[in-house]
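Before any comments, here is the structure.
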Amino acid sequence: MDTSPVLRLGLDADGGLQVPSADQAGQAGWYTGGVTPGGKGPAVLVAQYDTAKGPALLRDAAKVRMGT
C-alpha cells in the first residue's frame, strides 16, 4: 500500500477527529490542529486498521514491538 502523501485531517462536523476514508485506507493522516510531525511536542497521526473493503494500513499493528 502507498502510505504517501500523509493526509491533512481536521475535525468533523461533530467535533471529532476526522479519519481517512475507506478509499484512503492505505494512507495515514495527520491532525492539522496539533504539532507538525517532527516538530516539538506531540503530533497526532491517524490510520485505519481495516475497513469493509478489507485490511488497511495498520493491519499489522499488533506485530509492532518496542524498539522496532
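Within each chain, counting starts at residue 1; across the C-alpha cells, chains are named A, B, ... in the order shown, with ligands numbered 1 upward in that order.
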> Do you know which residues are at most 9 Å from segment 9-15 of chain A counting only C-alpha atoms, after dropping those on the same chain fewer than 5 positions away, and could you put them as number ranges by chain?
Replying inline: A: 20, 29-33, 46
Contact residues around Tyr49 of chain A with only C-alpha atoms at 9 Å, ignoring same-chain residues under 4 positions, as a tab-separated table (two decimals) with all heavy atoms, in the first residue's frame:
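And here's around_0.tsv as it stands now:
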```
chain	number	residue	atom	x	y	z
A	25	ALA	N	-7.65	4.01	2.80
A	25	ALA	CA	-7.23	3.09	3.87
A	25	ALA	C	-5.75	2.76	3.87
A	25	ALA	O	-5.22	2.29	4.87
A	25	ALA	CB	-8.05	1.80	3.79
A	55	PRO	N	-8.32	-5.29	4.82
A	55	PRO	CA	-7.25	-4.77	5.67
A	55	PRO	C	-6.76	-3.40	5.19
A	55	PRO	O	-6.81	-3.08	4.01
A	55	PRO	CB	-6.14	-5.80	5.53
A	55	PRO	CG	-6.81	-7.05	5.07
A	55	PRO	CD	-7.97	-6.59	4.23
A	56	ALA	N	-6.28	-2.61	6.15
A	56	ALA	CA	-5.81	-1.26	5.84
A	56	ALA	C	-4.38	-1.07	6.35
A	56	ALA	O	-3.71	-2.03	6.73
A	56	ALA	CB	-6.77	-0.24	6.46
A	57	LEU	N	-3.93	0.16	6.39
A	57	LEU	CA	-2.54	0.49	6.71
A	57	LEU	C	-2.07	-0.12	8.03
A	57	LEU	O	-0.96	-0.64	8.12
A	57	LEU	CB	-2.37	2.01	6.74
A	57	LEU	CG	-0.96	2.52	7.00
A	57	LEU	CD1	-0.04	2.12	5.85
A	57	LEU	CD2	-0.97	4.02	7.16
A	58	LEU	N	-2.87	-0.07	9.08
A	58	LEU	CA	-2.44	-0.56	10.40
A	58	LEU	C	-2.77	-2.03	10.65
A	58	LEU	O	-2.75	-2.49	11.78
A	58	LEU	CB	-3.05	0.30	11.51
A	58	LEU	CG	-2.51	1.72	11.58
A	58	LEU	CD1	-3.20	2.50	12.70
A	58	LEU	CD2	-1.01	1.72	11.78
A	59	ARG	N	-3.00	-2.78	9.59
A	59	ARG	CA	-3.40	-4.19	9.74
A	59	ARG	C	-2.41	-5.01	10.54
A	59	ARG	O	-2.77	-5.98	11.17
A	59	ARG	CB	-3.61	-4.81	8.37
A	59	ARG	CG	-2.31	-4.92	7.56
A	59	ARG	CD	-2.57	-5.33	6.12
A	59	ARG	NE	-1.39	-5.23	5.30
A	59	ARG	CZ	-0.92	-4.13	4.75
A	59	ARG	NH1	-1.56	-2.99	4.96
A	59	ARG	NH2	0.16	-4.13	4.01
A	60	ASP	N	-1.14	-4.64	10.54
A	60	ASP	CA	-0.11	-5.38	11.27
A	60	ASP	C	0.31	-4.69	12.56
A	60	ASP	O	1.38	-5.00	13.11
A	60	ASP	CB	1.11	-5.61	10.37
A	60	ASP	CG	0.80	-6.52	9.19
A	60	ASP	OD1	0.00	-7.45	9.37
A	60	ASP	OD2	1.36	-6.30	8.11
A	61	ALA	N	-0.49	-3.80	13.08
A	61	ALA	CA	-0.14	-3.03	14.29
A	61	ALA	C	0.16	-3.94	15.48
A	61	ALA	O	1.04	-3.64	16.28
A	61	ALA	CB	-1.26	-2.06	14.64
```
> Mind pulling up the distance from atom CA of Ser21 of chain A to atom CA of Ala43 of chain A?
Replying inline: 20.1 Å
>> Among chain A, which ones does DSSP assign to strand (DSSP E) (computed from the backbone)? Answer as a ChimeraX atom specification.
In response: /A:7-9,29-31,45-46,50-51,54-55
Could those selected residues go to a file with C-alpha atoms, as a compact mmCIF listing (two decimals), in the first residue's frame?
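Saved as selection_5.txt:
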```
# COMPACT_ATOMS: atom_id res chain seq x y z
CA LEU A 7 -3.48 13.23 4.57
CA ARG A 8 -4.25 16.52 6.28
CA LEU A 9 -7.12 15.93 8.73
CA GLY A 29 -3.49 11.13 8.27
CA TRP A 30 -2.09 13.96 10.37
CA TYR A 31 -4.29 16.09 12.62
CA LEU A 45 -1.27 10.52 13.26
CA VAL A 46 -4.37 8.52 12.35
CA ASP A 50 -9.40 -2.31 8.48
CA THR A 51 -12.47 -1.30 6.53
CA GLY A 54 -10.53 -5.29 3.78
CA PRO A 55 -7.25 -4.77 5.67
```
